[in-house]
$ cat start_18.tsv   # TSV, C-alpha atoms
chain	number	residue	atom	x	y	z
A	1060	ARG	CA	-20.84	42.42	43.52
A	1061	TYR	CA	-17.24	42.35	42.39
A	1062	CYS	CA	-16.53	40.62	39.05
A	1063	ALA	CA	-13.31	39.44	37.44
A	1064	LEU	CA	-12.98	38.25	33.86
A	1065	VAL	CA	-10.43	35.42	33.78
A	1066	PRO	CA	-8.76	33.97	30.63
A	1067	GLN	CA	-10.57	31.08	28.95
A	1068	THR	CA	-13.87	33.04	29.22
A	1069	LEU	CA	-14.61	32.47	32.88
A	1070	LEU	CA	-16.38	35.21	34.78
A	1071	TYR	CA	-15.91	35.03	38.56
A	1072	TYR	CA	-18.25	37.03	40.76
A	1073	PHE	CA	-17.83	37.77	44.47
A	1074	ASP	CA	-19.71	39.53	47.19
A	1075	ALA	CA	-16.90	42.05	47.50
A	1076	GLU	CA	-13.66	43.09	45.84
A	1077	SER	CA	-11.83	42.43	49.10
A	1078	SER	CA	-12.58	38.68	48.94
A	1079	PRO	CA	-9.30	36.76	49.54
A	1080	ASP	CA	-10.14	34.34	46.74
A	1081	ALA	CA	-10.88	36.99	44.15
A	1082	PRO	CA	-8.41	37.18	41.24
A	1083	HIS	CA	-7.29	40.61	40.08
A	1084	PRO	CA	-6.64	40.59	36.34
A	1085	GLN	CA	-5.93	43.92	34.72
A	1086	SER	CA	-9.19	43.87	32.79
A	1087	ALA	CA	-11.32	43.50	35.92
A	1088	HIS	CA	-13.59	46.36	36.96
A	1089	ALA	CA	-15.35	46.60	40.28
A	1090	THR	CA	-19.10	46.90	40.41
A	1091	THR	CA	-21.06	47.92	43.45
A	1092	THR	CA	-19.35	46.22	46.39
A	1093	THR	CA	-19.95	45.49	50.03
A	1094	THR	CA	-17.49	45.55	52.87
A	1095	SER	CA	-17.74	41.85	53.79
A	1096	SER	CA	-15.12	39.38	52.67
A	1097	SER	CA	-16.45	36.17	51.07
A	1098	PRO	CA	-15.47	33.29	48.77
A	1099	PRO	CA	-16.62	33.31	45.13
A	1100	ARG	CA	-20.35	33.27	44.77
A	1101	GLY	CA	-20.11	31.62	41.38
A	1102	ILE	CA	-18.35	31.16	38.05
A	1103	ILE	CA	-19.98	31.83	34.70
A	1104	ASP	CA	-18.67	29.99	31.67
A	1105	LEU	CA	-19.05	32.46	28.83
A	1106	GLU	CA	-18.74	29.67	26.30
A	1107	TYR	CA	-22.45	29.10	26.87
A	1108	TYR	CA	-23.45	32.69	27.64
A	1109	THR	CA	-23.06	34.04	24.16
A	1110	ASP	CA	-25.65	36.81	24.37
A	1111	VAL	CA	-24.22	39.98	25.95
A	1112	GLU	CA	-26.67	42.89	25.99
A	1113	ILE	CA	-26.99	46.21	27.76
A	1114	VAL	CA	-30.65	46.10	28.81
A	1115	ALA	CA	-30.93	49.11	31.13
A	1116	LYS	CA	-28.84	51.95	32.56
A	1117	ASN	CA	-25.40	50.50	33.31
A	1118	THR	CA	-26.89	46.96	33.36
A	1119	ILE	CA	-25.61	44.00	31.34
A	1120	ARG	CA	-27.56	40.81	30.79
A	1121	LEU	CA	-25.75	37.54	30.10
A	1122	SER	CA	-27.97	34.88	28.60
A	1123	THR	CA	-27.72	31.65	26.67
A	1124	PRO	CA	-29.25	30.73	23.29
A	1125	PRO	CA	-32.76	29.26	23.32
A	1126	ASP	CA	-31.43	25.73	22.88
A	1127	ILE	CA	-29.43	26.02	26.14
A	1128	PRO	CA	-31.98	26.64	28.92
A	1129	LEU	CA	-29.83	28.26	31.63
A	1130	ARG	CA	-30.60	31.20	33.91
A	1131	SER	CA	-29.67	34.72	32.87
A	1132	PHE	CA	-27.33	36.96	34.87
A	1133	PHE	CA	-27.64	40.72	35.34
A	1134	PHE	CA	-24.71	42.90	36.37
A	1135	ARG	CA	-24.81	46.64	37.02
A	1136	ALA	CA	-21.71	48.77	36.57
A	1137	ASP	CA	-21.00	51.98	38.42
A	1138	THR	CA	-20.84	54.10	35.26
A	1139	GLU	CA	-21.87	53.95	31.64
A	1140	GLU	CA	-18.20	53.80	30.64
A	1141	GLN	CA	-17.64	50.75	32.84
A	1142	CYS	CA	-20.78	49.13	31.48
A	1143	ALA	CA	-19.66	49.63	27.89
A	1144	ALA	CA	-16.13	48.43	28.73
A	1145	TRP	CA	-17.48	45.29	30.40
A	1146	ALA	CA	-19.80	44.52	27.46
A	1147	ALA	CA	-16.90	44.92	25.04
A	1148	ALA	CA	-14.58	42.82	27.20
A	1149	LEU	CA	-17.12	40.02	27.58
A	1150	THR	CA	-17.63	39.91	23.83
A	1151	ARG	CA	-13.95	40.33	23.00
A	1152	GLU	CA	-12.68	37.62	25.36
A	1153	ARG	CA	-15.14	35.12	23.99
A	1154	PHE	CA	-14.08	36.08	20.46
A	1155	PHE	CA	-10.43	35.55	21.39
A	1156	VAL	CA	-11.16	32.08	22.69
A	1157	VAL	CA	-13.16	31.21	19.58
A	1158	ALA	CA	-10.33	32.58	17.45
A	1159	ASP	CA	-7.78	30.54	19.42
A	1160	GLU	CA	-9.90	27.42	18.98
A	1161	ARG	CA	-10.22	28.21	15.28
A	1162	ASP	CA	-6.48	28.72	14.93
A	1163	ALA	CA	-5.78	25.50	16.83
A	1164	TYR	CA	-8.23	23.63	14.61
A	1165	GLN	CA	-6.70	25.12	11.48
A	1166	LYS	CA	-3.22	24.17	12.70
A	1167	LEU	CA	-4.40	20.65	13.48
A	1168	GLN	CA	-6.10	20.44	10.09
A	1169	THR	CA	-2.93	21.67	8.34
A	1170	GLU	CA	-0.79	19.15	10.19
A	1171	PHE	CA	-3.28	16.40	9.39
A	1172	GLN	CA	-3.28	17.38	5.72
A	1173	LYS	CA	0.51	17.33	5.66
A	1174	GLU	CA	0.59	13.92	7.33
A	1175	SER	CA	-2.12	12.64	5.00
A	1176	SER	CA	-0.22	14.00	2.00
A	1177	ALA	CA	3.03	12.42	3.20
A	1178	THR	CA	1.24	9.12	3.83
A	1179	ALA	CA	-0.40	9.25	0.41
A	1180	GLU	CA	2.99	9.89	-1.20
A	1181	LYS	CA	4.51	6.95	0.67
A	1182	VAL	CA	1.63	4.72	-0.39
A	1183	GLU	CA	1.96	5.89	-3.99
A	1184	ARG	CA	5.71	5.23	-3.97
A	1185	ALA	CA	5.11	1.79	-2.48
A	1186	ARG	CA	2.55	1.04	-5.20
A	1187	GLU	CA	4.98	2.17	-7.88
A	1188	THR	CA	7.70	-0.01	-6.38
A	1189	VAL	CA	5.38	-3.03	-6.28
A	1190	ALA	CA	4.27	-2.35	-9.86
A	1191	LYS	CA	7.90	-2.11	-11.04
A	1192	ARG	CA	8.75	-5.36	-9.30
A	1193	LYS	CA	5.75	-7.08	-10.85
A	1194	ARG	CA	6.75	-5.84	-14.30
A	1195	ALA	CA	10.32	-6.99	-13.73
A	1196	ILE	CA	9.10	-10.41	-12.59
A	1197	HIS	CA	6.83	-10.65	-15.63
A	1198	ARG	CA	9.69	-9.75	-17.99
A	1199	ALA	CA	11.93	-12.32	-16.29
A	1200	GLU	CA	9.23	-14.99	-16.64
A	1201	VAL	CA	8.80	-14.13	-20.33
A	1202	ARG	CA	12.54	-14.34	-20.93
A	1203	GLN	CA	12.73	-17.62	-19.04
A	1204	HIS	CA	9.86	-19.05	-21.08
A	1205	GLU	CA	11.48	-17.95	-24.34
A	1206	ALA	CA	14.83	-19.37	-23.26
A	1207	LEU	CA	13.22	-22.70	-22.35
A	1208	ARG	CA	11.47	-22.83	-25.70
A	1209	ALA	CA	14.74	-22.13	-27.52
A	1210	LEU	CA	16.55	-24.82	-25.50
A	1211	ARG	CA	13.82	-27.36	-26.30
A	1212	ALA	CA	14.14	-26.56	-29.99
A	1213	GLN	CA	17.92	-26.89	-29.75
A	1214	ALA	CA	17.57	-30.24	-27.98
A	1215	VAL	CA	15.22	-31.49	-30.71
A	1216	SER	CA	17.69	-30.35	-33.36
A	1217	LEU	CA	20.34	-32.41	-31.54
A	1218	GLY	CA	18.24	-35.56	-31.69
A	1219	LEU	CA	16.00	-35.43	-28.64
A	1220	PRO	CA	12.45	-36.60	-29.45
A	1221	ALA	CA	9.86	-33.80	-29.46
A	1222	ASP	CA	7.76	-35.36	-26.68
A	1223	ALA	CA	10.86	-35.72	-24.52
A	1224	ALA	CA	11.79	-32.08	-25.22
A	1225	ALA	CA	8.27	-30.96	-24.29
A	1226	SER	CA	8.65	-32.71	-20.93
A	1227	LEU	CA	11.55	-30.41	-20.01
A	1228	ARG	CA	9.88	-28.01	-17.56
A	1229	ASP	CA	12.97	-26.38	-16.12
A	1230	ALA	CA	15.58	-24.33	-17.93
A	1231	LYS	CA	18.37	-25.99	-15.96
A	1232	ASP	CA	17.28	-29.46	-17.11
A	1233	ALA	CA	17.02	-28.17	-20.68
A	1234	VAL	CA	20.55	-26.68	-20.48
A	1235	ARG	CA	21.97	-29.97	-19.19
A	1236	GLU	CA	20.19	-31.90	-21.91
A	1237	VAL	CA	21.47	-29.57	-24.64
A	1238	ALA	CA	25.00	-29.60	-23.17
A	1239	HIS	CA	24.98	-33.39	-23.00
A	1240	ARG	CA	23.87	-33.72	-26.60
A	1241	LEU	CA	26.35	-31.09	-27.78
A	1242	HIS	CA	29.12	-32.99	-26.03
A	1243	TYR	CA	27.94	-36.23	-27.63
A	1244	HIS	CA	27.82	-34.70	-31.09
A	1245	MET	CA	31.21	-33.05	-30.64
A	1246	ARG	CA	32.77	-36.42	-29.67
A	1247	ARG	CA	31.05	-38.06	-32.60
A	1248	ALA	CA	32.26	-35.32	-34.95
A	1249	SER	CA	35.78	-35.76	-33.57
A	1250	ARG	CA	35.68	-39.52	-34.24
A	1251	LEU	CA	34.36	-38.96	-37.74
A	1252	GLU	CA	37.07	-36.42	-38.41
A	1253	GLY	CA	39.68	-38.92	-37.20
A	1254	ALA	CA	38.26	-41.61	-39.46
A	1255	LEU	CA	38.37	-39.26	-42.46
A	1256	ASP	CA	41.98	-38.38	-41.74
A	1257	ALA	CA	42.84	-42.09	-41.60
A	1258	LEU	CA	41.22	-42.69	-44.98
A	1259	ARG	CA	43.15	-39.83	-46.53
A	1260	ASP	CA	46.42	-41.21	-45.18
A	1261	ALA	CA	45.62	-44.63	-46.58

$ encode --input "start_18.tsv" --output "structure tokens"
Amino acid sequence: RYCALVPQTLLYYFDAESSPDAPHPQSAHATTTTTSSSPPRGIIDLEYYTDVEIVAKNTIRLSTPPDIPLRSFFFRADTEEQCAAWAAALTRERFFVVADERDAYQKLQTEFQKESSATAEKVERARETVAKRKRAIHRAEVRQHEALRALRAQAVSLGLPADAAASLRDAKDAVREVAHRLHYHMRRASRLEGALDALRDA
């Protein structure tokens, strides 16, 4: 038969080299041929036929591992040199495909690691941002609470009963209450100052 080793570890075999459907890659070597023209007799996927062995004079056996129960193939080359070249090519081409798959997997793994690292960094930055905002909110709440407490104390010092001051829940209400009482006391102080001036003049 005529055989042709095609990229992606496919081995085509034909009844003759002159078959119109037979590919002609540079690595192909003719075995014993006939004169009849015919379509491909079959295609062997070397992904499964991992055992390549020279079992007799110029004869190569292709077989699968024990866990893949498929038939074995035997091919006889015209010369020992061709037989050795075919055995090397069958092994080498499968190695190249495995290496390509390995490289593709490593590339995919590297890209995935980069994406995972970038995603992890984004998540970490988002967590830091959320944590900063929470701390800022907490500090603002603390300052607001302290300001409200100071305003309540100021309102009490200006005459507001303690229970009424404790009922002030909002800083705005406390500011208005303190401002109102400051205004009242300032008007009262102004009237008292006017009365004292009148007494001095008398």

$ atom_distance --input "start_18.tsv" --atom1 "CA of Gln1203 (chain A)" --atom2 "CA of Val1189 (chain A)"
20.7 Å

$ atom_distance --input "start_18.tsv" --atom1 "CA of Tyr1071 (chain A)" --atom2 "CA of Ala1143 (chain A)"
18.5 Å

$ closest_residue --input "start_18.tsv" --among "A:Arg1151, A:Lys1191, A:Lys1116, A:His1244" --to "Glu1139 (chain A)" --atoms "all atoms listed in the file"
A:Lys1116

$ atom_distance --input "start_18.tsv" --atom1 "CA of Leu1069 (chain A)" --atom2 "CA of Lys1166 (chain A)"
24.6 Å

$ residues_around --input "start_18.tsv" --residues "Ala1212 (chain A)" --least-positions-apart "2" --cutoff "12 Å" --atoms "only C-alpha atoms" --output "compact mmCIF listing (two decimals) with C-alpha atoms, in the frame of the given file"
# COMPACT_ATOMS: atom_id res chain seq x y z
CA GLU A 1205 11.48 -17.95 -24.34
CA ALA A 1206 14.83 -19.37 -23.26
CA LEU A 1207 13.22 -22.70 -22.35
CA ARG A 1208 11.47 -22.83 -25.70
CA ALA A 1209 14.74 -22.13 -27.52
CA LEU A 1210 16.55 -24.82 -25.50
CA ALA A 1214 17.57 -30.24 -27.98
CA VAL A 1215 15.22 -31.49 -30.71
CA SER A 1216 17.69 -30.35 -33.36
CA LEU A 1217 20.34 -32.41 -31.54
CA GLY A 1218 18.24 -35.56 -31.69
CA LEU A 1219 16.00 -35.43 -28.64
CA PRO A 1220 12.45 -36.60 -29.45
CA ALA A 1221 9.86 -33.80 -29.46
CA ASP A 1222 7.76 -35.36 -26.68
CA ALA A 1223 10.86 -35.72 -24.52
CA ALA A 1224 11.79 -32.08 -25.22
CA ALA A 1225 8.27 -30.96 -24.29
CA LEU A 1227 11.55 -30.41 -20.01
CA ALA A 1233 17.02 -28.17 -20.68
CA VAL A 1234 20.55 -26.68 -20.48
CA GLU A 1236 20.19 -31.90 -21.91
CA VAL A 1237 21.47 -29.57 -24.64

$ residues_around --input "start_18.tsv" --residues "Thr1118 (chain A)" --least-positions-apart "3" --cutoff "7 Å" --atoms "all atoms listed in the file" --output "MDAnalysis selection string"
chainID A and resid 1113:1115 1133:1136 1142

$ write_last_selection --input "start_18.tsv" --atoms "C-alpha atoms" --output "PDB file, in the coordinates of the input"
ATOM      1  CA  ILE A1113     -26.990  46.210  27.760  1.00  0.00           C
ATOM      2  CA  VAL A1114     -30.650  46.100  28.810  1.00  0.00           C
ATOM      3  CA  ALA A1115     -30.930  49.110  31.130  1.00  0.00           C
ATOM      4  CA  PHE A1133     -27.640  40.720  35.340  1.00  0.00           C
ATOM      5  CA  PHE A1134     -24.710  42.900  36.370  1.00  0.00           C
ATOM      6  CA  ARG A1135     -24.810  46.640  37.020  1.00  0.00           C
ATOM      7  CA  ALA A1136     -21.710  48.770  36.570  1.00  0.00           C
ATOM      8  CA  CYS A1142     -20.780  49.130  31.480  1.00  0.00           C
TER       9      CYS A1142
END
